[in-house]
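Below you'll find the structure, written out as structure tokens, and then a few comments.
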Amino acid sequence: MKKYFITMMMLAIAYNAFADKLSIAPFTISVGETKQIAIQMTMTEKEYRAVQFDLYLPEGVTIAKKKNGKEDWSLNDDRIDGHSISGSLKEGGYYTIAIVSLSEDVFYEEEGDLMYIKVVASDQLATGETQGYLKNVNLAVSSTESTLPDDEPFICTGSLSTTITTLGYASFSWPKALDFSNSGLTAFIVTSCDGNTLHLESVTKVPANTGLILKGSENTYPLETTDGTTDDVSSNLLSSNTDDVYTVASDDIYVLSNLDGGQPGFYKADNGIHVAKYKSYLQYSVSGARRHFSIEEQTTGITPVFYDASDTLYDLQGRRVSKPTQGVYIRNGKKIVIK
């Protein structure tokens, strides 16, 4: 009976009420945050007693659930009395919501909040300003109805951030493409391994699900998603963990940590160790029981250093050099540059 009543009331179109409006005020939300937003209603008629509309939330934003599994929404009791709210998630990813009264109760006041909805942002949230929409808005007056002529867009500003600790580095991965141009961070992929040294290459715009090492001072940094062209990371040796907590179950997994002397590097992880979601790790098989890899922030593995006279150096042909000049040499199996 209730469904039949709603259908009949919403299909009886009488006129367009151009001054009447449903809207949502601009709001900001960050990944993982739950926030309450209000559906606001402005009306010229005082006899409205039902409304139905389609709610299109921005990508990555959904209606939160209560403990009983139902959508977390409620009516504004100061404007509505004797009404009920119903709705459902449609196949196209939008919600159809109806507020109706089976009696003669009408909405109070000409403007103000009509209902409240708690929304939550997932890791699919886009950063910056995106739009959502209220579409197919129908306002019922007794047995007739007015249909609002235009979609009502609203602005959602999404935000994402990550934290660097005293280590100065963090492993990271994200299920959307990222742009580090204005982040204040340096992002790296691991491109090769030379002995016990991993060689890092800096990247700026990375595809979704890219394993990364981030470098910065101890702080929290804003991140930006992107829909644009991204860097080529096909040579990356890091694995991305964006699905769930990853439990180590093999002998070739290395995770970012402090090496001896407090230097950051990749330590071998014991079986059963958990790699947190949104982190990266290195899966690399080596002969012997190698426990760790150090890192160098150069694609070639050449690190600028100052020469110490006690060092034993060799040229690129393998000959020992007693009085080196400026150039590239081998020290302890690694390439260095003497300036």
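Identifiers in the structure tokens: chain A, B, ... in order shown; residue index from 1 per chain; ligand index from 1 in order shown.
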
Residues within 7 Å of stretch 253-259 of chain A, please, as a tab-separated table (two decimals) with all heavy atoms, in the first residue's frame. Count only C-alpha atoms; anything in the same chain fewer than 3 positions from it doesn't count.
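The new file selection.tsv reads:
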```tsv
chain	number	residue	atom	x	y	z
A	171	SER	N	57.32	3.47	3.42
A	171	SER	CA	56.81	2.72	2.28
A	171	SER	C	55.35	3.08	2.09
A	171	SER	O	54.65	3.40	3.05
A	171	SER	CB	56.98	1.21	2.51
A	171	SER	OG	56.14	0.76	3.55
A	248	VAL	N	53.34	-12.21	5.63
A	248	VAL	CA	54.52	-12.79	4.98
A	248	VAL	C	54.51	-14.31	5.14
A	248	VAL	O	54.33	-14.82	6.26
A	248	VAL	CB	55.81	-12.20	5.57
A	248	VAL	CG1	57.04	-12.88	4.98
A	248	VAL	CG2	55.87	-10.70	5.34
A	250	SER	N	56.79	-16.28	2.87
A	250	SER	CA	57.91	-16.79	2.08
A	250	SER	C	59.19	-16.16	2.59
A	250	SER	O	59.17	-15.21	3.40
A	250	SER	CB	57.71	-16.47	0.59
A	250	SER	OG	57.63	-15.08	0.37
A	262	GLY	N	70.99	2.98	12.48
A	262	GLY	CA	69.86	3.88	12.31
A	262	GLY	C	69.59	4.29	10.87
A	262	GLY	O	68.75	5.15	10.62
A	263	GLN	N	70.28	3.67	9.90
A	263	GLN	CA	70.07	4.01	8.50
A	263	GLN	C	68.88	3.25	7.94
A	263	GLN	O	68.71	2.06	8.22
A	263	GLN	CB	71.32	3.70	7.67
A	263	GLN	CG	72.53	4.53	8.06
A	263	GLN	CD	72.28	6.01	7.89
A	263	GLN	OE1	71.76	6.45	6.87
A	263	GLN	NE2	72.63	6.80	8.91
A	264	PRO	N	68.03	3.91	7.14
A	264	PRO	CA	66.87	3.21	6.56
A	264	PRO	C	67.31	2.22	5.48
A	264	PRO	O	68.26	2.45	4.75
A	264	PRO	CB	66.04	4.35	5.96
A	264	PRO	CG	67.03	5.43	5.68
A	264	PRO	CD	68.07	5.33	6.75
A	265	GLY	N	66.60	1.13	5.42
A	265	GLY	CA	66.87	0.11	4.41
A	265	GLY	C	65.77	-0.94	4.46
A	265	GLY	O	64.77	-0.78	5.16
A	266	PHE	N	65.96	-2.03	3.74
A	266	PHE	CA	64.96	-3.10	3.70
A	266	PHE	C	65.49	-4.33	4.42
A	266	PHE	O	66.49	-4.91	4.02
A	266	PHE	CB	64.58	-3.43	2.24
A	266	PHE	CG	63.55	-2.50	1.68
A	266	PHE	CD1	63.89	-1.23	1.26
A	266	PHE	CD2	62.22	-2.89	1.60
A	266	PHE	CE1	62.94	-0.36	0.74
A	266	PHE	CE2	61.26	-2.02	1.09
A	266	PHE	CZ	61.62	-0.76	0.67
A	267	TYR	N	64.81	-4.68	5.52
A	267	TYR	CA	65.14	-5.86	6.32
A	267	TYR	C	64.31	-7.05	5.85
A	267	TYR	O	63.15	-6.91	5.45
A	267	TYR	CB	64.82	-5.61	7.78
A	267	TYR	CG	65.99	-5.15	8.61
A	267	TYR	CD1	65.95	-3.92	9.27
A	267	TYR	CD2	67.12	-5.95	8.74
A	267	TYR	CE1	67.01	-3.49	10.05
A	267	TYR	CE2	68.18	-5.53	9.52
A	267	TYR	CZ	68.12	-4.30	10.18
A	267	TYR	OH	69.18	-3.89	10.94
A	268	LYS	N	64.92	-8.23	5.96
A	268	LYS	CA	64.18	-9.45	5.66
A	268	LYS	C	63.11	-9.67	6.71
A	268	LYS	O	63.36	-9.57	7.91
A	268	LYS	CB	65.13	-10.65	5.63
A	268	LYS	CG	64.47	-11.93	5.12
A	268	LYS	CD	65.50	-13.03	4.97
A	268	LYS	CE	64.87	-14.29	4.39
A	268	LYS	NZ	65.87	-15.37	4.24
A	269	ALA	N	61.88	-9.95	6.26
A	269	ALA	CA	60.75	-10.13	7.17
A	269	ALA	C	60.55	-11.61	7.47
A	269	ALA	O	60.55	-12.45	6.56
A	269	ALA	CB	59.48	-9.54	6.57
A	281	TYR	N	56.34	-3.36	-0.20
A	281	TYR	CA	57.38	-4.27	0.27
A	281	TYR	C	58.18	-4.77	-0.93
A	281	TYR	O	57.76	-4.63	-2.09
A	281	TYR	CB	56.79	-5.44	1.07
A	281	TYR	CG	55.81	-6.29	0.29
A	281	TYR	CD1	56.22	-7.42	-0.42
A	281	TYR	CD2	54.45	-5.96	0.26
A	281	TYR	CE1	55.32	-8.19	-1.13
A	281	TYR	CE2	53.54	-6.72	-0.45
A	281	TYR	CZ	53.98	-7.85	-1.15
A	281	TYR	OH	53.08	-8.60	-1.86
A	282	LEU	N	59.33	-5.34	-0.65
A	282	LEU	CA	60.21	-5.86	-1.70
A	282	LEU	C	60.21	-7.37	-1.65
A	282	LEU	O	60.45	-7.97	-0.60
A	282	LEU	CB	61.64	-5.33	-1.49
A	282	LEU	CG	62.71	-5.88	-2.45
A	282	LEU	CD1	62.52	-5.30	-3.85
A	282	LEU	CD2	64.11	-5.57	-1.92
A	283	GLN	N	59.90	-7.99	-2.78
A	283	GLN	CA	60.03	-9.44	-2.90
A	283	GLN	C	61.20	-9.71	-3.84
A	283	GLN	O	61.13	-9.44	-5.04
A	283	GLN	CB	58.74	-10.07	-3.43
A	283	GLN	CG	58.79	-11.60	-3.46
A	283	GLN	CD	57.43	-12.22	-3.69
A	283	GLN	OE1	56.48	-11.55	-4.11
A	283	GLN	NE2	57.30	-13.51	-3.40
A	284	TYR	N	62.30	-10.22	-3.27
A	284	TYR	CA	63.53	-10.35	-4.03
A	284	TYR	C	64.29	-11.57	-3.55
A	284	TYR	O	64.63	-11.69	-2.37
A	284	TYR	CB	64.40	-9.09	-3.84
A	284	TYR	CG	65.48	-8.93	-4.87
A	284	TYR	CD1	65.21	-8.38	-6.12
A	284	TYR	CD2	66.79	-9.32	-4.58
A	284	TYR	CE1	66.21	-8.23	-7.07
A	284	TYR	CE2	67.80	-9.16	-5.52
A	284	TYR	CZ	67.50	-8.62	-6.76
A	284	TYR	OH	68.50	-8.47	-7.70
```

Give me the residues near A:Ser159 as number ranges by chain, where near means some atom within 8 Å (using only C-alpha atoms) and where sequence neighbours in that chain fewer than 5 positions away do not count. A: 28-31, 125-128, 222-224

Using only C-alpha atoms, which protein or nucleic acid residues come within 9 Å of stretch 37-44 of chain A? Drop anything in the same chain fewer than 6 positions from it, and give the result as a PyMOL selection string. chain A and resi 17+19-25+27+109-119

Give me the residues within 10 Å of A:Cys193 as a VMD selection string, counting only C-alpha atoms and dropping any in the same chain fewer than 3 places off. chain A and resid 190 196 to 200 237 284 293 to 296 301

Next, dump the selected residues to file, keeping only N, CA, C and O atoms, as a PDB file, in the first residue's frame.
```
ATOM      1  N   VAL A 190      61.940   1.419  -6.734  1.00  0.00           N
ATOM      2  CA  VAL A 190      63.206   0.677  -6.721  1.00  0.00           C
ATOM      3  C   VAL A 190      63.393   0.057  -8.094  1.00  0.00           C
ATOM      4  O   VAL A 190      62.548  -0.712  -8.554  1.00  0.00           O
ATOM      5  N   ASN A 196      74.263  -5.603  -2.190  1.00  0.00           N
ATOM      6  CA  ASN A 196      73.336  -5.387  -1.074  1.00  0.00           C
ATOM      7  C   ASN A 196      72.722  -3.992  -1.113  1.00  0.00           C
ATOM      8  O   ASN A 196      72.244  -3.488  -0.104  1.00  0.00           O
ATOM      9  N   THR A 197      72.738  -3.365  -2.289  1.00  0.00           N
ATOM     10  CA  THR A 197      72.233  -2.001  -2.423  1.00  0.00           C
ATOM     11  C   THR A 197      71.083  -1.936  -3.421  1.00  0.00           C
ATOM     12  O   THR A 197      71.190  -2.431  -4.545  1.00  0.00           O
ATOM     13  N   LEU A 198      69.979  -1.325  -2.999  1.00  0.00           N
ATOM     14  CA  LEU A 198      68.846  -1.067  -3.881  1.00  0.00           C
ATOM     15  C   LEU A 198      68.993   0.328  -4.455  1.00  0.00           C
ATOM     16  O   LEU A 198      69.321   1.273  -3.740  1.00  0.00           O
ATOM     17  N   HIS A 199      68.734   0.472  -5.738  1.00  0.00           N
ATOM     18  CA  HIS A 199      68.856   1.761  -6.407  1.00  0.00           C
ATOM     19  C   HIS A 199      67.469   2.345  -6.649  1.00  0.00           C
ATOM     20  O   HIS A 199      66.591   1.683  -7.195  1.00  0.00           O
ATOM     21  N   LEU A 200      67.295   3.577  -6.225  1.00  0.00           N
ATOM     22  CA  LEU A 200      65.996   4.243  -6.271  1.00  0.00           C
ATOM     23  C   LEU A 200      65.951   5.278  -7.381  1.00  0.00           C
ATOM     24  O   LEU A 200      66.933   5.959  -7.649  1.00  0.00           O
ATOM     25  N   LEU A 237      60.574  -2.609  -8.663  1.00  0.00           N
ATOM     26  CA  LEU A 237      60.683  -3.905  -7.990  1.00  0.00           C
ATOM     27  C   LEU A 237      59.810  -3.991  -6.743  1.00  0.00           C
ATOM     28  O   LEU A 237      59.665  -5.064  -6.159  1.00  0.00           O
ATOM     29  N   TYR A 284      62.299 -10.223  -3.270  1.00  0.00           N
ATOM     30  CA  TYR A 284      63.534 -10.347  -4.032  1.00  0.00           C
ATOM     31  C   TYR A 284      64.291 -11.571  -3.547  1.00  0.00           C
ATOM     32  O   TYR A 284      64.625 -11.695  -2.367  1.00  0.00           O
ATOM     33  N   PHE A 293      68.978  -4.920   2.735  1.00  0.00           N
ATOM     34  CA  PHE A 293      69.478  -4.124   1.615  1.00  0.00           C
ATOM     35  C   PHE A 293      69.538  -2.669   2.060  1.00  0.00           C
ATOM     36  O   PHE A 293      68.598  -2.161   2.677  1.00  0.00           O
ATOM     37  N   SER A 294      70.628  -1.978   1.746  1.00  0.00           N
ATOM     38  CA  SER A 294      70.667  -0.530   1.921  1.00  0.00           C
ATOM     39  C   SER A 294      70.102   0.121   0.667  1.00  0.00           C
ATOM     40  O   SER A 294      69.851  -0.550  -0.337  1.00  0.00           O
ATOM     41  N   ILE A 295      69.878   1.442   0.697  1.00  0.00           N
ATOM     42  CA  ILE A 295      69.266   2.113  -0.445  1.00  0.00           C
ATOM     43  C   ILE A 295      70.102   3.305  -0.884  1.00  0.00           C
ATOM     44  O   ILE A 295      70.755   3.962  -0.082  1.00  0.00           O
ATOM     45  N   GLU A 296      70.100   3.560  -2.192  1.00  0.00           N
ATOM     46  CA  GLU A 296      70.747   4.722  -2.782  1.00  0.00           C
ATOM     47  C   GLU A 296      69.749   5.409  -3.695  1.00  0.00           C
ATOM     48  O   GLU A 296      69.065   4.762  -4.478  1.00  0.00           O
ATOM     49  N   GLY A 301      73.064   4.057  -9.265  1.00  0.00           N
ATOM     50  CA  GLY A 301      73.783   3.567  -8.116  1.00  0.00           C
ATOM     51  C   GLY A 301      75.037   4.369  -7.827  1.00  0.00           C
ATOM     52  O   GLY A 301      75.866   3.970  -7.026  1.00  0.00           O
TER      53      GLY A 301
END
```

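Restricting the calculation to only C-alpha atoms, the smallest distance between A:Phe53 and any of A:Ser285, A:Thr242, A:Thr147, A:Thr96 is found for A:Thr96.
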
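Note that the spacing between atom CA of A:Pro207 and atom CA of A:Cys156 amounts to 23.4 Å.
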
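Residues within 8 Å of A:Lys176, counting only C-alpha atoms and excluding same-chain residues fewer than 3 positions away, are Asp123, Gln124, Pro207, Ala208, Asn209, Thr225 and Thr226 of chain A.
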
Please dump the current selection as a JSON list (two decimals), in the first residue's frame; keep N, CA and C atoms.
```json
[["chain", "number", "residue", "atom", "x", "y", "z"],
["A", 123, "ASP", "N", 39.01, 4.79, 0.11],
["A", 123, "ASP", "CA", 40.28, 5.10, -0.55],
["A", 123, "ASP", "C", 40.12, 5.38, -2.04],
["A", 124, "GLN", "N", 38.89, 5.33, -2.54],
["A", 124, "GLN", "CA", 38.64, 5.71, -3.93],
["A", 124, "GLN", "C", 38.28, 7.19, -4.05],
["A", 207, "PRO", "N", 51.03, 5.62, -11.36],
["A", 207, "PRO", "CA", 49.74, 4.94, -11.55],
["A", 207, "PRO", "C", 49.21, 4.39, -10.22],
["A", 208, "ALA", "N", 47.95, 4.02, -10.24],
["A", 208, "ALA", "CA", 47.36, 3.39, -9.06],
["A", 208, "ALA", "C", 48.10, 2.10, -8.73],
["A", 209, "ASN", "N", 48.12, 1.75, -7.46],
["A", 209, "ASN", "CA", 48.71, 0.50, -6.97],
["A", 209, "ASN", "C", 50.19, 0.37, -7.31],
["A", 225, "THR", "N", 45.36, 13.05, -5.80],
["A", 225, "THR", "CA", 45.12, 12.06, -6.83],
["A", 225, "THR", "C", 45.14, 12.74, -8.20],
["A", 226, "THR", "N", 45.26, 11.95, -9.25],
["A", 226, "THR", "CA", 45.32, 12.53, -10.59],
["A", 226, "THR", "C", 44.63, 11.60, -11.58]]
```

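Take atom CA of A:Ser101 and atom CA of A:Asp54: the distance between them is 18.7 Å.
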
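What separates atom CA of A:Asp227 from atom CA of A:Leu178 is a distance of 8.5 Å.
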
Contact residues around A:Glu71 with only C-alpha atoms at 10 Å, ignoring same-chain residues under 6 positions, as a ChimeraX atom specification: /A:62-65,86-89,117-119

Using backbone DSSP assignments, extract all strand (DSSP E) residues from stretch 173-268 of chain A; output them as an MDAnalysis selection string. chainID A and resid 178:179 186:194 197:203 205:206 212:215 219:225 238:241 246:247 253:258 264:268

With distances taken over only C-alpha atoms, the candidate from A:Leu102, A:Val141, A:Leu57, A:Ile213 nearest A:Pro153 is A:Leu57
